[in-house]
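Below is one structure, written out as structure tokens; comments come after it.
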Amino acid sequence: MVVDAGLDRYEERLWAQGFARIAGVDEAGRGALAGPLVAAGVVIPPGFDTDGIRDSKLLSAKQREEAFERIVTACAFAVAKAEPPVLDRRGLHRSNIALLRRAARALEPDYALTDGFPVPRMPCPALGIKKGDMVSASVAAASIVAKVTRDRIMLRLDRRYPVFGFCENKGYATSEHRRMIELHGPSPVHRLSFAGVGQPFLPGFGQTDTAPA
């Protein structure tokens, strides 16, 4: 699916109304069984080239990395994350809302755009946009920053817990990932409150696992 050329129309309308600093916020990792939930906020400046900026799910890993570098070089951005114990204790949706709010607040915006649903108690006026990462440049940019940041975290976790294949599944519920949980039990970075994950730890799990050469 191709995103139309008017990806920054929300931002342009808000700039025209006098809102100088508009933050888009989005998250990555809601449905994963392991690893953190990551939220990002991005403020794109007027004139920023949005070519190649779109919903992170529509980009290849290489395209996301290239877009990420352009975004963090030219735009103000902020990242917030919640680790699995926090998600298990506070709940996924509550944690998600808190992270989106934190990422936006760090940027001190005049206005915020969020993907999908409104976020209460934002530090500024805000609008929730259905499929925001497909129609707003700043939300799409935030989706890229969140996704790339989280993928890099999962690659580091793969070196610590290689049996789960985080380098491939990024913590999501592939059949092979679920099979490894059944065989080995969950790791310390799994979300124990998620269905099919909360099994007892095996004694000493992770202490003898080594990353592949």
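Each chain in the structure tokens gets a letter, A, B, ..., in the order shown, and its residues are numbered from 1; ligands are numbered from 1 in order too.
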
Spatial neighbours of region 99-102 of chain A, 9 Å, only C-alpha atoms, chain gap at least 3 places, as an NGL selection string: :A and (25-27 or 37-41 or 78-82 or 94-96 or 105-107 or 114 or 119-123)

All residues 7 Å or closer to region 190-198 of chain A, only C-alpha atoms, same chain fewer than 3 positions away omitted, as a PyMOL selection string: chain A and resi 33-35+84+88+181+186-187

Kindly export the residues of the current selection with all heavy atoms, as a PDB file, in the first residue's frame.
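Output below, filename out.pdb:
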ATOM      1  N   LEU A  33       5.475 -11.125  22.890  1.00  0.00           N
ATOM      2  CA  LEU A  33       5.495 -11.948  24.103  1.00  0.00           C
ATOM      3  C   LEU A  33       6.714 -11.653  24.968  1.00  0.00           C
ATOM      4  O   LEU A  33       6.758 -12.061  26.138  1.00  0.00           O
ATOM      5  CB  LEU A  33       5.508 -13.434  23.737  1.00  0.00           C
ATOM      6  CG  LEU A  33       4.375 -13.957  22.856  1.00  0.00           C
ATOM      7  CD1 LEU A  33       4.529 -15.456  22.639  1.00  0.00           C
ATOM      8  CD2 LEU A  33       3.018 -13.630  23.474  1.00  0.00           C
ATOM      9  N   ALA A  34       7.700 -10.978  24.400  1.00  0.00           N
ATOM     10  CA  ALA A  34       8.943 -10.715  25.132  1.00  0.00           C
ATOM     11  C   ALA A  34       9.481  -9.347  24.751  1.00  0.00           C
ATOM     12  O   ALA A  34       9.169  -8.808  23.688  1.00  0.00           O
ATOM     13  CB  ALA A  34       9.982 -11.790  24.812  1.00  0.00           C
ATOM     14  N   GLY A  35      10.311  -8.812  25.629  1.00  0.00           N
ATOM     15  CA  GLY A  35      10.937  -7.529  25.365  1.00  0.00           C
ATOM     16  C   GLY A  35      10.078  -6.359  25.789  1.00  0.00           C
ATOM     17  O   GLY A  35       8.915  -6.515  26.181  1.00  0.00           O
ATOM     18  N   PRO A  84       9.181  -5.777  30.654  1.00  0.00           N
ATOM     19  CA  PRO A  84       8.131  -6.769  30.929  1.00  0.00           C
ATOM     20  C   PRO A  84       7.598  -6.798  32.361  1.00  0.00           C
ATOM     21  O   PRO A  84       6.372  -6.899  32.527  1.00  0.00           O
ATOM     22  CB  PRO A  84       8.804  -8.095  30.551  1.00  0.00           C
ATOM     23  CG  PRO A  84       9.711  -7.709  29.429  1.00  0.00           C
ATOM     24  CD  PRO A  84      10.264  -6.369  29.826  1.00  0.00           C
ATOM     25  N   ASP A  88       3.645  -6.468  33.146  1.00  0.00           N
ATOM     26  CA  ASP A  88       2.916  -7.490  33.901  1.00  0.00           C
ATOM     27  C   ASP A  88       2.210  -6.890  35.108  1.00  0.00           C
ATOM     28  O   ASP A  88       1.089  -7.276  35.446  1.00  0.00           O
ATOM     29  CB  ASP A  88       3.879  -8.588  34.365  1.00  0.00           C
ATOM     30  CG  ASP A  88       4.401  -9.433  33.210  1.00  0.00           C
ATOM     31  OD1 ASP A  88       3.709  -9.504  32.166  1.00  0.00           O
ATOM     32  OD2 ASP A  88       5.484 -10.017  33.352  1.00  0.00           O
ATOM     33  N   ILE A 181       9.340 -21.544  24.125  1.00  0.00           N
ATOM     34  CA  ILE A 181       8.843 -21.256  25.475  1.00  0.00           C
ATOM     35  C   ILE A 181       8.368 -22.540  26.145  1.00  0.00           C
ATOM     36  O   ILE A 181       8.637 -22.790  27.325  1.00  0.00           O
ATOM     37  CB  ILE A 181       7.710 -20.208  25.428  1.00  0.00           C
ATOM     38  CG1 ILE A 181       8.235 -18.862  24.930  1.00  0.00           C
ATOM     39  CG2 ILE A 181       7.078 -20.039  26.818  1.00  0.00           C
ATOM     40  CD1 ILE A 181       7.149 -17.831  24.689  1.00  0.00           C
ATOM     41  N   PRO A 186       9.831 -19.581  30.060  1.00  0.00           N
ATOM     42  CA  PRO A 186      10.071 -18.186  29.678  1.00  0.00           C
ATOM     43  C   PRO A 186      11.401 -17.684  30.232  1.00  0.00           C
ATOM     44  O   PRO A 186      11.887 -18.160  31.253  1.00  0.00           O
ATOM     45  CB  PRO A 186       8.892 -17.440  30.310  1.00  0.00           C
ATOM     46  CG  PRO A 186       8.534 -18.273  31.491  1.00  0.00           C
ATOM     47  CD  PRO A 186       8.775 -19.699  31.090  1.00  0.00           C
ATOM     48  N   SER A 187      11.962 -16.716  29.547  1.00  0.00           N
ATOM     49  CA  SER A 187      13.185 -16.056  30.006  1.00  0.00           C
ATOM     50  C   SER A 187      12.812 -14.879  30.913  1.00  0.00           C
ATOM     51  O   SER A 187      11.630 -14.508  31.012  1.00  0.00           O
ATOM     52  CB  SER A 187      13.969 -15.533  28.808  1.00  0.00           C
ATOM     53  OG  SER A 187      13.348 -14.357  28.295  1.00  0.00           O
TER      54      SER A 187
END

Backbone-only DSSP, strand (DSSP E or B) members of region 73-132 of chain A, as JSON, numbers by chain: {"A": [76, 77, 78, 79, 80, 81, 82, 111, 112, 113, 114, 115, 126, 127, 128, 129]}

Residues within 9 Å of Arg9 (chain A), only C-alpha atoms, excluding chain neighbours under 4 positions, as a PyMOL selection string: chain A and resi 13-14+135-137

For the selection you just gave me, I'd like the residues written to a file as a compact mmCIF listing (two decimals), in the first residue's frame, keeping N, CA and C atoms.
# COMPACT_ATOMS: atom_id res chain seq x y z
N ARG A 13 -1.84 21.84 8.48
CA ARG A 13 -3.03 22.54 8.99
C ARG A 13 -2.76 23.12 10.38
N LEU A 14 -2.06 22.36 11.20
CA LEU A 14 -1.77 22.84 12.56
C LEU A 14 -0.73 23.95 12.54
N VAL A 135 -1.34 8.37 7.90
CA VAL A 135 -1.84 9.64 7.37
C VAL A 135 -1.15 10.86 7.97
N SER A 136 -0.29 10.67 8.96
CA SER A 136 0.42 11.78 9.58
C SER A 136 1.92 11.52 9.52
N ALA A 137 2.66 12.48 9.01
CA ALA A 137 4.11 12.31 8.87
C ALA A 137 4.80 12.15 10.22

Closest of A:His93, A:Pro125, A:Gln63, A:Lys170 to Arg150 (chain A) - atom-to-atom distances counting only C-alpha atoms: A:Lys170

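Within region 157-198 of chain A, DSSP run on the backbone puts these residues in helix (DSSP H, G or I): A:Leu157, A:Asp158, A:Arg159, A:Arg160, A:Pro162, A:Val163, A:Phe164, A:Phe166, A:Cys167, A:Glu168, A:Asn169, A:Ser175, A:Glu176, A:His177, A:Arg178, A:Arg179, A:Met180, A:Ile181, A:Glu182, A:Leu183, A:His184.
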
Interatomic distance, CA of Leu155 (chain A) to CA of Ala32 (chain A) (Å, one decimal): 14.2 Å

Distance in Å - CA of Glu65 (chain A) versus CA of Ala142 (chain A):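 Rounded to one decimal, the two atoms are 13.0 Å apart.
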
Nearby residues (only C-alpha atoms) at most 7 Å from Met134 (chain A), same-chain spacing under 3 positions excluded, as a PyMOL selection string: chain A and resi 3+54-55+131+140

Selection to disk with N, CA and C atoms, as a PDB file, in the first residue's frame:
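Written file, part31.pdb:
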ATOM      1  N   VAL A   3       1.458   5.245   0.609  1.00  0.00           N
ATOM      2  CA  VAL A   3       0.926   6.399   1.323  1.00  0.00           C
ATOM      3  C   VAL A   3       0.954   7.600   0.389  1.00  0.00           C
ATOM      4  N   ARG A  54       6.796   6.538   6.315  1.00  0.00           N
ATOM      5  CA  ARG A  54       5.454   5.962   6.316  1.00  0.00           C
ATOM      6  C   ARG A  54       5.365   4.977   7.476  1.00  0.00           C
ATOM      7  N   ASP A  55       4.201   4.425   7.687  1.00  0.00           N
ATOM      8  CA  ASP A  55       4.001   3.420   8.712  1.00  0.00           C
ATOM      9  C   ASP A  55       5.148   2.413   8.674  1.00  0.00           C
ATOM     10  N   LYS A 131      -5.564   5.172  12.213  1.00  0.00           N
ATOM     11  CA  LYS A 131      -4.447   4.838  11.312  1.00  0.00           C
ATOM     12  C   LYS A 131      -3.522   6.038  11.154  1.00  0.00           C
ATOM     13  N   ALA A 140       3.965   8.710  11.658  1.00  0.00           N
ATOM     14  CA  ALA A 140       4.708   7.697  10.911  1.00  0.00           C
ATOM     15  C   ALA A 140       6.175   7.705  11.316  1.00  0.00           C
TER      16      ALA A 140
END

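For the residues A:Ala103, A:Leu92, A:Leu127, A:Cys75, ranking by smallest atom-to-atom distance to Gly47 (chain A) using only C-alpha atoms places A:Cys75 first.
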